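One structure below.
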Number of protein chains: 6
Amino acid sequence: MDKRYEQGRELLGAIAGSHAERLIDGLDSMAPGFSESLVAFAFGEICRRPGLELTTRELATIAALAALGSANPQLKLHIGGALRVGCTPTEIVEVLVQIGLYAGIPATLNGLAAAGEVFREQDRHDAPR
Amino acid sequence: MDKRYEQGRELLGAIAGSHAERLIDGLDSMAPGFSESLVAFAFGEICRRPGLELTTRELATIAALAALGSANPQLKLHIGGALRVGCTPTEIVEVLVQIGLYAGIPATLNGLAAAGEVFREQDRHDAPR
Amino acid sequence: MDKRYEQGRELLGAIAGSHAERLIDGLDSMAPGFSESLVAFAFGEICRRPGLELTTRELATIAALAALGSANPQLKLHIGGALRVGCTPTEIVEVLVQIGLYAGIPATLNGLAAAGEVFREQDRHDAPR
Amino acid sequence: MDKRYEQGRELLGAIAGSHAERLIDGLDSMAPGFSESLVAFAFGEICRRPGLELTTRELATIAALAALGSANPQLKLHIGGALRVGCTPTEIVEVLVQIGLYAGIPATLNGLAAAGEVFREQDRHDAPR
Amino acid sequence: MDKRYEQGRELLGAIAGSHAERLIDGLDSMAPGFSESLVAFAFGEICRRPGLELTTRELATIAALAALGSANPQLKLHIGGALRVGCTPTEIVEVLVQIGLYAGIPATLNGLAAAGEVFREQDRHDAPR
Amino acid sequence: MDKRYEQGRELLGAIAGSHAERLIDGLDSMAPGFSESLVAFAFGEICRRPGLELTTRELATIAALAALGSANPQLKLHIGGALRVGCTPTEIVEVLVQIGLYAGIPATLNGLAAAGEVFREQDRHDAPR
């Protein structure tokens with residue numbers, strides 16, 4: 001496996017946390033070889049391009065996914081990812097409020113519902129047991 | 001006219017430059033009173049909320065508009081707006097490259113074409129005459 | 001040709017005016033037989049169902065097309081159609097303002113621009129020569 | 001709190017019924033201050049503009065939401081809202097049938113499924129206990 | 001009932017299998033007469049047009065539905081339909097991988113998840129009991 | 001440059017004809033290095049996966065692009081591409097007719113308009129001079 005894949009796999013792990021492995025396993029069982037191509041391209045090349053902070057990349061990703069409105073699993077994954085790479089909950093919420101002007105209020109409402117779910121899961125994980 | 005409108009009108013001017021007046025005039029001729037409500041809400045309240053830099057708001061707006069793919073005039077206006085409030089051309093380009101992963105490559109290609117047009121217009125304005 | 005087609009062709013004429021013939025000719029040159037099926041179904045059956053006024057059908061059509069944002073020729077045709085079947089310009093404008101809450105402000109702005117073009121064409125046709 | 005908010009909150013209550021309070025509480029816990037701005041703008045200004053009946057506004061809203069296809073909670077809320085402000089079930093059904101021509105048959109099928117759920121809930125509430 | 005409907009109803013059965021009857025019953029309870037118009041048009045006329053294999057029609061349908069991203073019930077129905085009319089699982093998977101380039105990676109991921117569900121249901125039905 | 005890029009560049013040329021070079025030049029002037037990543041991934045890996053004919057890949061691409069409705073330059077490029085790799089005009093037309101059932105009639109009408117433009121350009125090139 002080439003270096004693009006290795007670097008991409010590492011970045012995917014940093015963004016998706018424990019979801020990364022399940023995502024790759026799911027793809028491999030359906031479309032052999034696709035996850036290698038995808039991870040190397042998306043996370044090994046595109047997301048690692050210079051000129052834009054990783055935190056801003058994740059906020060832009062959230063803006064795009066919330067605007068589309070039809071990719072709830074990916075939206076939740078990248079809301080968690082934004083938190084993992086250092087965005088604040090407030091930044092995520094404000095991106096979701098902002099894009100409602102352009103993609104419609106339901107995009108904000110449904111995005112905030114997704115963010116609420118992710119924030120609460122995160123809290124449970126962080127809480128002392 | 002209330003303070004929300006005044007502050008919104010000022011921010012719209014900072015983002016849209018010389019396009020602001022034409023935009024408002026166009027709306028007023030079609031839907032009396034709508035531009036007041038809209039400017040006060042969108043630019044006087046939403047865009048001025050704390051917790052997210054104005055530059056990041058503009059990049060999130062570009063991400064959402066490029067992902068939707070059906071709002072070319074607004075995409076061009078906010079690419080120009082992002083430049084006016086201090087984003088670099090590279091940040092704008094990278095947001096457009098990034099969102100193609102989630103909204104499809106045509107969103108990137110058409111977004112970059114729009115950005116190219118705006119950058120060239122900007123260059124013409126900045127060039128010594 | 002069956003009665004569904006005849007009634008549909010008549011209703012299409014009432015909605016689309018002089019655009020109807022050009023629309024059908026364009027389809028016939030590309031996809032033989034499709035315009036017959038389409039006109040009989042869409043305008044001979046669906047649009048003629050009881051329980052909703054034709055004016056409200058046209059306003060709902062405008063709401064849907066403006067929300068989609070990617071069907072400008074059809075949006076303009078049905079803005080003209082709404083006027084032809086008796087909707088007021090104000091009703092059309094207000095539908096376009098209303099749907100911006102749900103589909104985003106660009107849907108309203110681009111819809112109003114389309115409406116402005118149609119209203120001005122209409123005015124030219126109605127003016128004494 | 002200003003008059004715009006008060007009038008908007010009242011109209012939201014008339015449209016959303018018992019869902020209004022939960023909606024506002026959900027927003028307040030995520031994005032402080034946003035529900036005030038939104039309710040005052042959307043329901044205190046836009047939905048109260050003259051020139052279009054409230055029933056037709058709700059039908060146009062349903063048309064837009066069903067066409068988008070990605071806002072099921074809001075679609076259900078406004079189907080209930082249309083009933084509350086006086087639209088008939090048949091008008092709602094016919095709007096959903098109509099917009100399938102322009103947004104695709106799945107928009108009609110999924111919209112009718114949502115309407116079926118709302119109508120049945122309504123029936124349960126209205127039934128003698 | 002006319003011949004268009006009969007032929008359409010037969011083709012719908014061949015594509016949708018046991019889902020066909022439930023689909024029609026659901027429509028008839030909400031929008032009387034609509035299923036007759038729809039089946040006759042969509043499956044009696046459009047899907048039976050010459051010049052494109054039925055298998056390719058189903059693959060194009062899957063491509064369109066996965067690209068839209070907001071029609072999961074219909075996507076699953078036509079993934080099953082593609083299998084029923086003779087497409088291979090690999091062809092379906094590859095269509096879903098292909099369209100991600102143009103509609104975004106979430107369209108591929110969510111499409112593959114839907115395909116996985118349909119393939120597993122199919123396996124259960126085919127397994128000896 | 002690696003083999004993936006070389007094979008991808010060749011396939012892009014086979015699909016896009018004389019548009020390929022202009023497309024790459026346009027990207028290189030805006031987002032350095034992006035065209036290499038994209039061509040290697042999209043045309044060197046995804047489009048070359050086994051299990052689906054290239055002609056069917058192009059028809060699925062047309063189905064997805066026409067359904068989205070917001071990517072006219074890419075739709076025209078792939079209509080030309082489908083012809084170049086061996087699809088018939090009738091297959092392209094029928095894909096565009098088919099997807100209208102699922103993405104709405106405007107997707108078919110605007111897709112057929114794009115196809116008509118491409119077919120006429122093609123005819124001019126093929127005509128004896």
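Ordered as shown in the structure tokens, chains take letters A, B, and onward, while each chain numbers its residues from 1 and ligands are numbered from 1 in the order shown.
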
Quick one: everything within 8 Å of Ser70 in chain C, counting only C-alpha atoms, minus sequence neighbours fewer than 4 positions away in the same chain. Send it as a count of residues only.
-> 5

Show which residues sit within 8 Å of range 21-30 of chain A, as a ChimeraX atom specification. Count only C-alpha atoms, and ignore same-chain residues fewer than 4 positions away.
-> /A:34-35 /E:93,109,112,116

Output for the residues just chosen: N, CA and C atoms as a PDB file, in the first residue's frame:
ATOM      1  N   PHE A  34     -12.413  -0.323  -3.334  1.00  0.00           N
ATOM      2  CA  PHE A  34     -12.888   1.066  -3.398  1.00  0.00           C
ATOM      3  C   PHE A  34     -12.378   1.876  -2.217  1.00  0.00           C
ATOM      4  N   SER A  35     -12.380   1.298  -1.019  1.00  0.00           N
ATOM      5  CA  SER A  35     -11.964   2.082   0.155  1.00  0.00           C
ATOM      6  C   SER A  35     -10.508   2.520   0.037  1.00  0.00           C
TER       7      SER A  35
ATOM      8  N   VAL E  93     -23.546  -2.273  -7.679  1.00  0.00           N
ATOM      9  CA  VAL E  93     -22.505  -1.675  -6.841  1.00  0.00           C
ATOM     10  C   VAL E  93     -21.668  -0.685  -7.654  1.00  0.00           C
ATOM     11  N   LEU E 109     -21.833   6.086  -0.509  1.00  0.00           N
ATOM     12  CA  LEU E 109     -21.851   5.379   0.780  1.00  0.00           C
ATOM     13  C   LEU E 109     -23.284   4.998   1.172  1.00  0.00           C
ATOM     14  N   LEU E 112     -24.623   2.329  -1.203  1.00  0.00           N
ATOM     15  CA  LEU E 112     -24.089   0.991  -0.911  1.00  0.00           C
ATOM     16  C   LEU E 112     -24.745   0.413   0.344  1.00  0.00           C
ATOM     17  N   GLY E 116     -26.670  -3.054   0.324  1.00  0.00           N
ATOM     18  CA  GLY E 116     -26.346  -4.129   1.265  1.00  0.00           C
ATOM     19  C   GLY E 116     -27.599  -4.684   1.929  1.00  0.00           C
TER      20      GLY E 116
END

Check chain C with DSSP on the backbone and list each residue it calls helix (DSSP H, G or I), as a count of residues only.
-> 104

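Those residues of chain A that fall within 8 Å of chain C when using only C-alpha atoms read Gly100, Leu101, Tyr102, Ala103, Gly104, Ile105 and Pro106 of chain A.
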
Output for the residues just chosen: C-alpha atoms as a CSV table (one decimal), in the first residue's frame:
chain,number,residue,atom,x,y,z
A,100,GLY,CA,-29.7,28.1,6.8
A,101,LEU,CA,-29.8,31.5,5.1
A,102,TYR,CA,-28.6,29.8,1.8
A,103,ALA,CA,-29.9,26.3,2.0
A,104,GLY,CA,-33.1,26.9,4.0
A,105,ILE,CA,-34.1,26.8,7.6
A,106,PRO,CA,-34.7,23.0,7.6

Output chain A as a short mmCIF file (atom, residue, chain, number, x, y, z; two decimals) with N, CA and C atoms, in the first residue's frame, after least-squares fitting it to chain D on all in-order C-alpha pairs.
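As a result, selection-v4.cif now contains:
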data_model
loop_
_atom_site.label_atom_id
_atom_site.label_comp_id
_atom_site.auth_asym_id
_atom_site.auth_seq_id
_atom_site.Cartn_x
_atom_site.Cartn_y
_atom_site.Cartn_z
N MET A 1 -39.10 41.72 24.62
CA MET A 1 -39.28 41.14 23.30
C MET A 1 -40.20 41.99 22.43
N ASP A 2 -39.82 42.14 21.19
CA ASP A 2 -40.56 43.09 20.35
C ASP A 2 -41.84 42.47 19.78
N LYS A 3 -42.60 43.36 19.14
CA LYS A 3 -43.91 42.96 18.63
C LYS A 3 -43.80 41.93 17.50
N ARG A 4 -42.74 42.05 16.69
CA ARG A 4 -42.54 41.07 15.62
C ARG A 4 -42.47 39.67 16.21
N TYR A 5 -41.72 39.54 17.30
CA TYR A 5 -41.60 38.22 17.91
C TYR A 5 -42.94 37.73 18.44
N GLU A 6 -43.65 38.61 19.15
CA GLU A 6 -44.94 38.20 19.74
C GLU A 6 -45.92 37.73 18.67
N GLN A 7 -46.02 38.50 17.59
CA GLN A 7 -46.93 38.11 16.51
C GLN A 7 -46.46 36.83 15.83
N GLY A 8 -45.13 36.71 15.68
CA GLY A 8 -44.58 35.50 15.06
C GLY A 8 -44.82 34.27 15.93
N ARG A 9 -44.60 34.45 17.24
CA ARG A 9 -44.80 33.32 18.16
C ARG A 9 -46.25 32.84 18.13
N GLU A 10 -47.17 33.80 18.03
CA GLU A 10 -48.59 33.44 17.97
C GLU A 10 -48.90 32.67 16.68
N LEU A 11 -48.36 33.17 15.56
CA LEU A 11 -48.63 32.48 14.28
C LEU A 11 -47.97 31.10 14.26
N LEU A 12 -46.75 31.00 14.78
CA LEU A 12 -46.10 29.68 14.86
C LEU A 12 -46.97 28.72 15.65
N GLY A 13 -47.55 29.20 16.75
CA GLY A 13 -48.45 28.35 17.55
C GLY A 13 -49.66 27.90 16.74
N ALA A 14 -50.21 28.83 15.97
CA ALA A 14 -51.39 28.48 15.15
C ALA A 14 -51.06 27.44 14.10
N ILE A 15 -49.83 27.49 13.58
CA ILE A 15 -49.41 26.53 12.54
C ILE A 15 -48.93 25.22 13.16
N ALA A 16 -48.04 25.32 14.15
CA ALA A 16 -47.35 24.12 14.63
C ALA A 16 -48.04 23.48 15.82
N GLY A 17 -49.04 24.12 16.40
CA GLY A 17 -49.74 23.53 17.54
C GLY A 17 -48.78 23.22 18.67
N SER A 18 -48.92 22.04 19.22
CA SER A 18 -48.12 21.66 20.39
C SER A 18 -46.64 21.44 20.05
N HIS A 19 -46.30 21.38 18.75
CA HIS A 19 -44.90 21.19 18.37
C HIS A 19 -44.09 22.47 18.57
N ALA A 20 -44.77 23.63 18.63
CA ALA A 20 -44.07 24.91 18.65
C ALA A 20 -43.11 25.02 19.83
N GLU A 21 -43.62 24.68 21.02
CA GLU A 21 -42.78 24.87 22.20
C GLU A 21 -41.54 23.97 22.17
N ARG A 22 -41.76 22.72 21.79
CA ARG A 22 -40.64 21.78 21.72
C ARG A 22 -39.58 22.25 20.71
N LEU A 23 -40.05 22.78 19.59
CA LEU A 23 -39.15 23.28 18.55
C LEU A 23 -38.28 24.40 19.10
N ILE A 24 -38.92 25.35 19.79
CA ILE A 24 -38.19 26.50 20.34
C ILE A 24 -37.23 26.05 21.44
N ASP A 25 -37.70 25.16 22.31
CA ASP A 25 -36.82 24.67 23.38
C ASP A 25 -35.59 23.97 22.80
N GLY A 26 -35.80 23.17 21.77
CA GLY A 26 -34.69 22.47 21.13
C GLY A 26 -33.67 23.45 20.58
N LEU A 27 -34.14 24.49 19.89
CA LEU A 27 -33.22 25.49 19.35
C LEU A 27 -32.49 26.24 20.46
N ASP A 28 -33.22 26.61 21.50
CA ASP A 28 -32.60 27.41 22.56
C ASP A 28 -31.47 26.68 23.26
N SER A 29 -31.60 25.34 23.36
CA SER A 29 -30.55 24.58 24.03
C SER A 29 -29.30 24.46 23.17
N MET A 30 -29.44 24.67 21.85
CA MET A 30 -28.29 24.52 20.94
C MET A 30 -27.71 25.86 20.52
N ALA A 31 -28.57 26.83 20.21
CA ALA A 31 -28.10 28.08 19.59
C ALA A 31 -28.83 29.27 20.23
N PRO A 32 -28.35 29.70 21.40
CA PRO A 32 -29.04 30.74 22.16
C PRO A 32 -29.37 31.98 21.32
N GLY A 33 -30.60 32.43 21.40
CA GLY A 33 -31.00 33.64 20.70
C GLY A 33 -31.50 33.42 19.29
N PHE A 34 -31.19 32.26 18.72
CA PHE A 34 -31.54 32.02 17.31
C PHE A 34 -33.05 31.92 17.14
N SER A 35 -33.74 31.25 18.05
CA SER A 35 -35.19 31.07 17.87
C SER A 35 -35.91 32.42 17.88
N GLU A 36 -35.44 33.37 18.70
CA GLU A 36 -36.07 34.70 18.70
C GLU A 36 -35.93 35.35 17.33
N SER A 37 -34.71 35.36 16.79
CA SER A 37 -34.50 35.97 15.48
C SER A 37 -35.35 35.28 14.41
N LEU A 38 -35.35 33.95 14.47
CA LEU A 38 -36.02 33.16 13.43
C LEU A 38 -37.54 33.35 13.48
N VAL A 39 -38.12 33.22 14.67
CA VAL A 39 -39.57 33.32 14.80
C VAL A 39 -40.05 34.71 14.38
N ALA A 40 -39.32 35.74 14.82
CA ALA A 40 -39.71 37.11 14.48
C ALA A 40 -39.65 37.34 12.97
N PHE A 41 -38.60 36.81 12.31
CA PHE A 41 -38.43 36.98 10.87
C PHE A 41 -39.42 36.11 10.09
N ALA A 42 -39.38 34.80 10.35
CA ALA A 42 -40.12 33.86 9.51
C ALA A 42 -41.63 33.98 9.71
N PHE A 43 -42.06 33.98 11.00
CA PHE A 43 -43.50 33.94 11.26
C PHE A 43 -44.04 35.33 11.62
N GLY A 44 -43.17 36.24 12.10
CA GLY A 44 -43.64 37.59 12.42
C GLY A 44 -43.59 38.53 11.23
N GLU A 45 -42.73 38.25 10.26
CA GLU A 45 -42.64 39.14 9.09
C GLU A 45 -43.06 38.43 7.80
N ILE A 46 -42.29 37.40 7.40
CA ILE A 46 -42.50 36.80 6.07
C ILE A 46 -43.92 36.22 5.94
N CYS A 47 -44.29 35.33 6.87
CA CYS A 47 -45.60 34.65 6.73
C CYS A 47 -46.78 35.60 6.91
N ARG A 48 -46.53 36.79 7.43
CA ARG A 48 -47.62 37.73 7.66
C ARG A 48 -47.70 38.81 6.57
N ARG A 49 -46.86 38.70 5.56
CA ARG A 49 -46.92 39.66 4.47
C ARG A 49 -48.28 39.59 3.78
N PRO A 50 -48.81 40.72 3.35
CA PRO A 50 -50.11 40.70 2.65
C PRO A 50 -49.97 40.14 1.23
N GLY A 51 -51.11 39.81 0.63
CA GLY A 51 -51.11 39.44 -0.79
C GLY A 51 -51.17 37.94 -1.06
N LEU A 52 -51.06 37.13 0.00
CA LEU A 52 -51.19 35.67 -0.19
C LEU A 52 -51.84 35.10 1.05
N GLU A 53 -52.95 34.36 0.84
CA GLU A 53 -53.66 33.71 1.95
C GLU A 53 -52.72 32.81 2.76
N LEU A 54 -52.94 32.72 4.05
CA LEU A 54 -52.13 31.84 4.89
C LEU A 54 -52.26 30.38 4.44
N THR A 55 -53.48 29.98 4.03
CA THR A 55 -53.66 28.60 3.55
C THR A 55 -52.78 28.34 2.31
N THR A 56 -52.73 29.30 1.40
CA THR A 56 -51.90 29.12 0.21
C THR A 56 -50.41 29.15 0.57
N ARG A 57 -50.04 29.99 1.55
CA ARG A 57 -48.65 29.97 2.04
C ARG A 57 -48.27 28.58 2.54
N GLU A 58 -49.17 27.96 3.30
CA GLU A 58 -48.85 26.62 3.81
C GLU A 58 -48.78 25.60 2.69
N LEU A 59 -49.65 25.71 1.70
CA LEU A 59 -49.59 24.77 0.56
C LEU A 59 -48.30 24.97 -0.24
N ALA A 60 -47.89 26.23 -0.41
CA ALA A 60 -46.62 26.50 -1.10
C ALA A 60 -45.44 25.96 -0.31
N THR A 61 -45.52 26.07 1.01
CA THR A 61 -44.47 25.53 1.88
C THR A 61 -44.38 24.02 1.72
N ILE A 62 -45.53 23.36 1.71
CA ILE A 62 -45.57 21.90 1.52
C ILE A 62 -44.99 21.53 0.16
N ALA A 63 -45.34 22.30 -0.87
CA ALA A 63 -44.81 22.03 -2.21
C ALA A 63 -43.29 22.12 -2.22
N ALA A 64 -42.75 23.17 -1.58
CA ALA A 64 -41.30 23.37 -1.56
C ALA A 64 -40.62 22.26 -0.76
N LEU A 65 -41.14 21.94 0.42
CA LEU A 65 -40.51 20.93 1.28
C LEU A 65 -40.57 19.55 0.65
N ALA A 66 -41.69 19.21 0.03
CA ALA A 66 -41.79 17.91 -0.63
C ALA A 66 -40.86 17.84 -1.83
N ALA A 67 -40.73 18.95 -2.56
CA ALA A 67 -39.82 18.98 -3.71
C ALA A 67 -38.38 18.77 -3.27
N LEU A 68 -37.98 19.39 -2.15
CA LEU A 68 -36.61 19.23 -1.65
C LEU A 68 -36.37 17.78 -1.23
N GLY A 69 -37.35 17.20 -0.56
CA GLY A 69 -37.26 15.76 -0.25
C GLY A 69 -36.37 15.42 0.93
N SER A 70 -35.69 16.41 1.51
CA SER A 70 -34.73 16.12 2.56
C SER A 70 -35.11 16.78 3.89
N ALA A 71 -36.38 17.10 4.07
CA ALA A 71 -36.80 17.84 5.26
C ALA A 71 -38.09 17.24 5.80
N ASN A 72 -38.04 15.94 6.08
CA ASN A 72 -39.24 15.22 6.49
C ASN A 72 -39.89 15.77 7.77
N PRO A 73 -39.12 16.11 8.81
CA PRO A 73 -39.77 16.65 10.02
C PRO A 73 -40.53 17.94 9.73
N GLN A 74 -39.93 18.81 8.91
CA GLN A 74 -40.58 20.07 8.58
C GLN A 74 -41.79 19.84 7.67
N LEU A 75 -41.68 18.89 6.77
CA LEU A 75 -42.82 18.58 5.90
C LEU A 75 -44.01 18.13 6.73
N LYS A 76 -43.77 17.21 7.66
CA LYS A 76 -44.87 16.74 8.51
C LYS A 76 -45.44 17.88 9.36
N LEU A 77 -44.56 18.72 9.91
CA LEU A 77 -45.06 19.84 10.71
C LEU A 77 -45.97 20.74 9.88
N HIS A 78 -45.59 21.01 8.63
CA HIS A 78 -46.40 21.93 7.83
C HIS A 78 -47.62 21.25 7.20
N ILE A 79 -47.60 19.94 7.06
CA ILE A 79 -48.85 19.26 6.68
C ILE A 79 -49.86 19.40 7.81
N GLY A 80 -49.40 19.18 9.05
CA GLY A 80 -50.28 19.44 10.20
C GLY A 80 -50.69 20.91 10.25
N GLY A 81 -49.74 21.80 9.97
CA GLY A 81 -50.03 23.23 9.99
C GLY A 81 -51.08 23.63 8.97
N ALA A 82 -50.97 23.06 7.77
CA ALA A 82 -51.96 23.36 6.73
C ALA A 82 -53.35 22.97 7.20
N LEU A 83 -53.46 21.79 7.80
CA LEU A 83 -54.76 21.37 8.35
C LEU A 83 -55.23 22.36 9.41
N ARG A 84 -54.32 22.77 10.32
CA ARG A 84 -54.70 23.67 11.42
C ARG A 84 -55.20 25.02 10.93
N VAL A 85 -54.61 25.53 9.82
CA VAL A 85 -55.06 26.85 9.35
C VAL A 85 -56.20 26.74 8.34
N GLY A 86 -56.69 25.51 8.05
CA GLY A 86 -57.92 25.42 7.28
C GLY A 86 -57.84 24.77 5.91
N CYS A 87 -56.66 24.27 5.51
CA CYS A 87 -56.60 23.53 4.23
C CYS A 87 -57.29 22.18 4.43
N THR A 88 -57.83 21.64 3.34
CA THR A 88 -58.43 20.31 3.41
C THR A 88 -57.37 19.25 3.14
N PRO A 89 -57.57 18.03 3.66
CA PRO A 89 -56.65 16.94 3.31
C PRO A 89 -56.51 16.78 1.80
N THR A 90 -57.61 16.94 1.07
CA THR A 90 -57.53 16.78 -0.39
C THR A 90 -56.60 17.81 -1.02
N GLU A 91 -56.68 19.06 -0.56
CA GLU A 91 -55.77 20.07 -1.11
C GLU A 91 -54.31 19.67 -0.88
N ILE A 92 -54.01 19.20 0.31
CA ILE A 92 -52.64 18.79 0.63
C ILE A 92 -52.21 17.62 -0.26
N VAL A 93 -53.07 16.62 -0.38
CA VAL A 93 -52.76 15.46 -1.23
C VAL A 93 -52.52 15.90 -2.67
N GLU A 94 -53.37 16.80 -3.16
CA GLU A 94 -53.24 17.20 -4.57
C GLU A 94 -51.99 18.03 -4.82
N VAL A 95 -51.58 18.85 -3.83
CA VAL A 95 -50.30 19.55 -3.96
C VAL A 95 -49.16 18.54 -4.07
N LEU A 96 -49.22 17.50 -3.26
CA LEU A 96 -48.16 16.47 -3.28
C LEU A 96 -48.17 15.69 -4.59
N VAL A 97 -49.35 15.44 -5.14
CA VAL A 97 -49.44 14.78 -6.45
C VAL A 97 -48.89 15.70 -7.54
N GLN A 98 -49.26 16.97 -7.48
CA GLN A 98 -48.87 17.94 -8.50
C GLN A 98 -47.34 18.09 -8.59
N ILE A 99 -46.70 18.25 -7.44
CA ILE A 99 -45.26 18.58 -7.50
C ILE A 99 -44.42 17.39 -7.96
N GLY A 100 -44.97 16.19 -7.95
CA GLY A 100 -44.24 15.05 -8.48
C GLY A 100 -43.89 15.19 -9.94
N LEU A 101 -44.70 15.93 -10.70
CA LEU A 101 -44.37 16.19 -12.10
C LEU A 101 -43.03 16.91 -12.22
N TYR A 102 -42.77 17.78 -11.27
CA TYR A 102 -41.60 18.68 -11.38
C TYR A 102 -40.42 18.23 -10.53
N ALA A 103 -40.70 17.54 -9.42
CA ALA A 103 -39.63 17.10 -8.52
C ALA A 103 -39.44 15.59 -8.54
N GLY A 104 -40.23 14.88 -9.31
CA GLY A 104 -40.08 13.44 -9.42
C GLY A 104 -41.10 12.68 -8.57
N ILE A 105 -41.45 11.51 -9.03
CA ILE A 105 -42.47 10.71 -8.37
C ILE A 105 -42.10 10.36 -6.92
N PRO A 106 -40.83 10.10 -6.61
CA PRO A 106 -40.53 9.83 -5.19
C PRO A 106 -40.94 10.98 -4.28
N ALA A 107 -40.86 12.22 -4.74
CA ALA A 107 -41.29 13.35 -3.91
C ALA A 107 -42.78 13.23 -3.58
N THR A 108 -43.57 12.79 -4.55
CA THR A 108 -44.99 12.55 -4.29
C THR A 108 -45.19 11.36 -3.34
N LEU A 109 -44.53 10.25 -3.64
CA LEU A 109 -44.74 9.04 -2.83
C LEU A 109 -44.33 9.27 -1.37
N ASN A 110 -43.15 9.87 -1.16
CA ASN A 110 -42.70 10.09 0.20
C ASN A 110 -43.52 11.19 0.88
N GLY A 111 -43.96 12.18 0.12
CA GLY A 111 -44.84 13.21 0.67
C GLY A 111 -46.19 12.63 1.09
N LEU A 112 -46.75 11.75 0.27
CA LEU A 112 -48.03 11.12 0.63
C LEU A 112 -47.87 10.23 1.87
N ALA A 113 -46.73 9.55 1.99
CA ALA A 113 -46.50 8.74 3.19
C ALA A 113 -46.47 9.63 4.44
N ALA A 114 -45.79 10.78 4.33
CA ALA A 114 -45.74 11.72 5.45
C ALA A 114 -47.14 12.24 5.76
N ALA A 115 -47.90 12.58 4.73
CA ALA A 115 -49.26 13.08 4.93
C ALA A 115 -50.13 12.02 5.59
N GLY A 116 -49.99 10.78 5.17
CA GLY A 116 -50.76 9.70 5.77
C GLY A 116 -50.50 9.61 7.28
N GLU A 117 -49.23 9.70 7.66
CA GLU A 117 -48.89 9.66 9.09
C GLU A 117 -49.55 10.82 9.85
N VAL A 118 -49.47 12.02 9.27
CA VAL A 118 -50.05 13.18 9.96
C VAL A 118 -51.56 13.07 10.04
N PHE A 119 -52.19 12.65 8.96
CA PHE A 119 -53.66 12.52 8.97
C PHE A 119 -54.09 11.53 10.05
N ARG A 120 -53.37 10.40 10.16
CA ARG A 120 -53.75 9.39 11.15
C ARG A 120 -53.54 9.89 12.59
N GLU A 121 -52.44 10.61 12.84
CA GLU A 121 -52.24 11.21 14.17
C GLU A 121 -53.38 12.16 14.51
N GLN A 122 -53.72 13.00 13.54
CA GLN A 122 -54.80 13.97 13.71
C GLN A 122 -56.11 13.25 14.07
N ASP A 123 -56.39 12.15 13.36
CA ASP A 123 -57.63 11.39 13.60
C ASP A 123 -57.65 10.88 15.04
N ARG A 124 -56.51 10.37 15.48
CA ARG A 124 -56.45 9.85 16.85
C ARG A 124 -56.77 10.95 17.86
N HIS A 125 -56.21 12.17 17.63
CA HIS A 125 -56.45 13.28 18.55
C HIS A 125 -57.92 13.70 18.55
N ASP A 126 -58.53 13.65 17.37
CA ASP A 126 -59.91 14.13 17.24
C ASP A 126 -60.93 13.11 17.72
N ALA A 127 -60.51 11.85 17.77
CA ALA A 127 -61.47 10.80 18.12
C ALA A 127 -61.92 10.94 19.58
N PRO A 128 -63.16 10.63 19.86
CA PRO A 128 -63.63 10.66 21.24
C PRO A 128 -62.88 9.60 22.06
N ARG A 129 -62.57 9.94 23.32
CA ARG A 129 -61.81 9.00 24.14
C ARG A 129 -62.66 8.36 25.21
#
